[in-house]
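To keep things clear, I will list the structure first and then write my remarks on it.
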2 protein chains.
Amino acid sequence: MARTTGSHSDITGPRIRAAAQDLFARHGYAAVSMRRIAGAVGVQAGALYNYTRDKQSLLFDLMQAHMEDLLAALDAEPRQADPLERLRAFTRFHIRFHLERQDAVFIAYMELRNLDPGNFETIEALRRSYEDRLEAILRDGVGDGTFTVADTKVATLALIGMLNGINTWYRAEGRLTLEQVEQIYWDMVRRAVAG
Amino acid sequence: MARTTGSHSDITGPRIRAAAQDLFARHGYAAVSMRRIAGAVGVQAGALYNYTRDKQSLLFDLMQAHMEDLLAALDAEPRQADPLERLRAFTRFHIRFHLERQDAVFIAYMELRNLDPGNFETIEALRRSYEDRLEAILRDGVGDGTFTVADTKVATLALIGMLNGINTWYRAEGRLTLEQVEQIYWDMVRRAVAG
DNA sequence: GTCTATAACAGGATAGAC
DNA sequence: GTCTATCCTGTTATAGAC
């Protein structure tokens, strides 16, 4: 739909971010031009610069917002004491959150190398912060004998790698329901670190 | 070192592929120009077209060669009968092969979306073929009671995801030796599918 | 806030000389 | 087989009109 001149500051900004997220996820940051993003929104390329300083900021803002959403949502989960229950809750949370935001997750991983160095450091710090949440669960569980793992840092990365893989193959219309996937992965996570 | 006019067909081809692999892995296919690849090799951009039809073929040939190497190397491994030993051998093979080829592995995963549709199908078929090798091990082990997994296809993808994650963090000069990493991951793989 | 127009430059690929 | 030169297209970002 063609757009004519007018004022839409309150909706154009979000639409630009949504279009950029969709296009970056599908084709990659470097392969998507500002003109193409503008076209998807229905404005001319020059108008984008009312909302973002440049293309790099557009990418960084998407990634930062995603990582901050992730940490905020995790911290908003109910607290529990038992390490096994905390691990179960983390597993379930991770799967759901990531499957609900496939585009943002994909970008946050694939486009790290297209971030300017300072921006890269910011995103990496947020990622480490998320990993630390899981490692704390494992460490507590090792302390009370719930878990047996040789190295909590490596186990953390192994579990996150396993869970992240779901995003590469799961489709809502596929053979398995979300609940079935959660159950299968929880079984494997639990056994992988079992005491 | 500057190059002058001359004939070097037997070494320039491999050098182009090596430079492209390095640059694609570091910056991404879309972000690397033919001029930059040529610069890394020490020739002018036009000379590249004596060795590759176009940029897309350069990417595809790298990915296809990597996947075919992977399958050939796996099939060259000693055969064993016991499912647990076969899974152990697969785990060890996967870790070693992938850590020895970090650039090729990274490209084979990250640049799938930059392949033309026909090329994409070819690479995907090779990838599925590799996954099928692991699934066959799990299925045999479920059959004789060695393993207990609810869904061999999902378990295959979960294990490969877990193992692939190593490439994102392992560094030869880091805290752990390759042998230690292999041991830790084998422990987790074994327990995750234990009967 | 969006438009049109444009500056300034980089991209893939090819032609023809050597 | 490699070079230089070039075609043609596309890129980010900005300027000024409305």
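Note on naming: chains are A, B, ... as they come in the structure tokens, residues start from 1 per chain, ligands start from 1 in the order shown.
Near chain D, within 10 Å and counting only C-alpha atoms (C1' of nucleotides), the residues of chain A are Thr5, Ser33, Met34, Arg35, Ala45, Gly46, Tyr49, Arg53, Asp54 and Lys55 of chain A.
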Using the selection just defined, write its residues with C-alpha atoms as a compact mmCIF listing (two decimals), in the first residue's frame.
# COMPACT_ATOMS: atom_id res chain seq x y z
CA THR A 5 3.12 12.52 3.13
CA SER A 33 19.42 -2.48 2.37
CA MET A 34 17.82 0.49 4.03
CA ARG A 35 15.70 0.92 0.91
CA ALA A 45 14.63 5.33 2.66
CA GLY A 46 15.40 8.84 3.85
CA TYR A 49 16.80 8.31 9.53
CA ARG A 53 20.97 7.16 13.51
CA ASP A 54 22.19 4.59 11.01
CA LYS A 55 21.84 0.95 10.00
_Show me, as a PyMOL selection string, the residues of chain A whose atoms get within 6 Å of chain B, using only C-alpha atoms for the distance check._
chain A and resi 30-31+158+161-162+165+188+191-192
Residues of chain C at most 10 Å from chain A: nearest atom pair and distance in Å, only C-alpha atoms (C1' of nucleotides), as a tab-separated table:
residue	atom	partner	partner_atom	distance
C:DG1	C1'	A:Ser7	CA	4.9
C:DT2	C1'	A:Thr5	CA	5.2
C:DC3	C1'	A:Thr5	CA	6.8
C:DT4	C1'	A:Gln44	CA	9.3
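Here C1' of DA13 (chain C) stands at a distance of 18.0 Å from CA of Phe60 (chain B).
The space between CA of Ile11 (chain A) and CA of Leu58 (chain A) spans 16.0 Å.
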*How far is it from CA of Gly39 (chain A) to CA of Gln64 (chain A), in Å with one decimal?*
24.4 Å
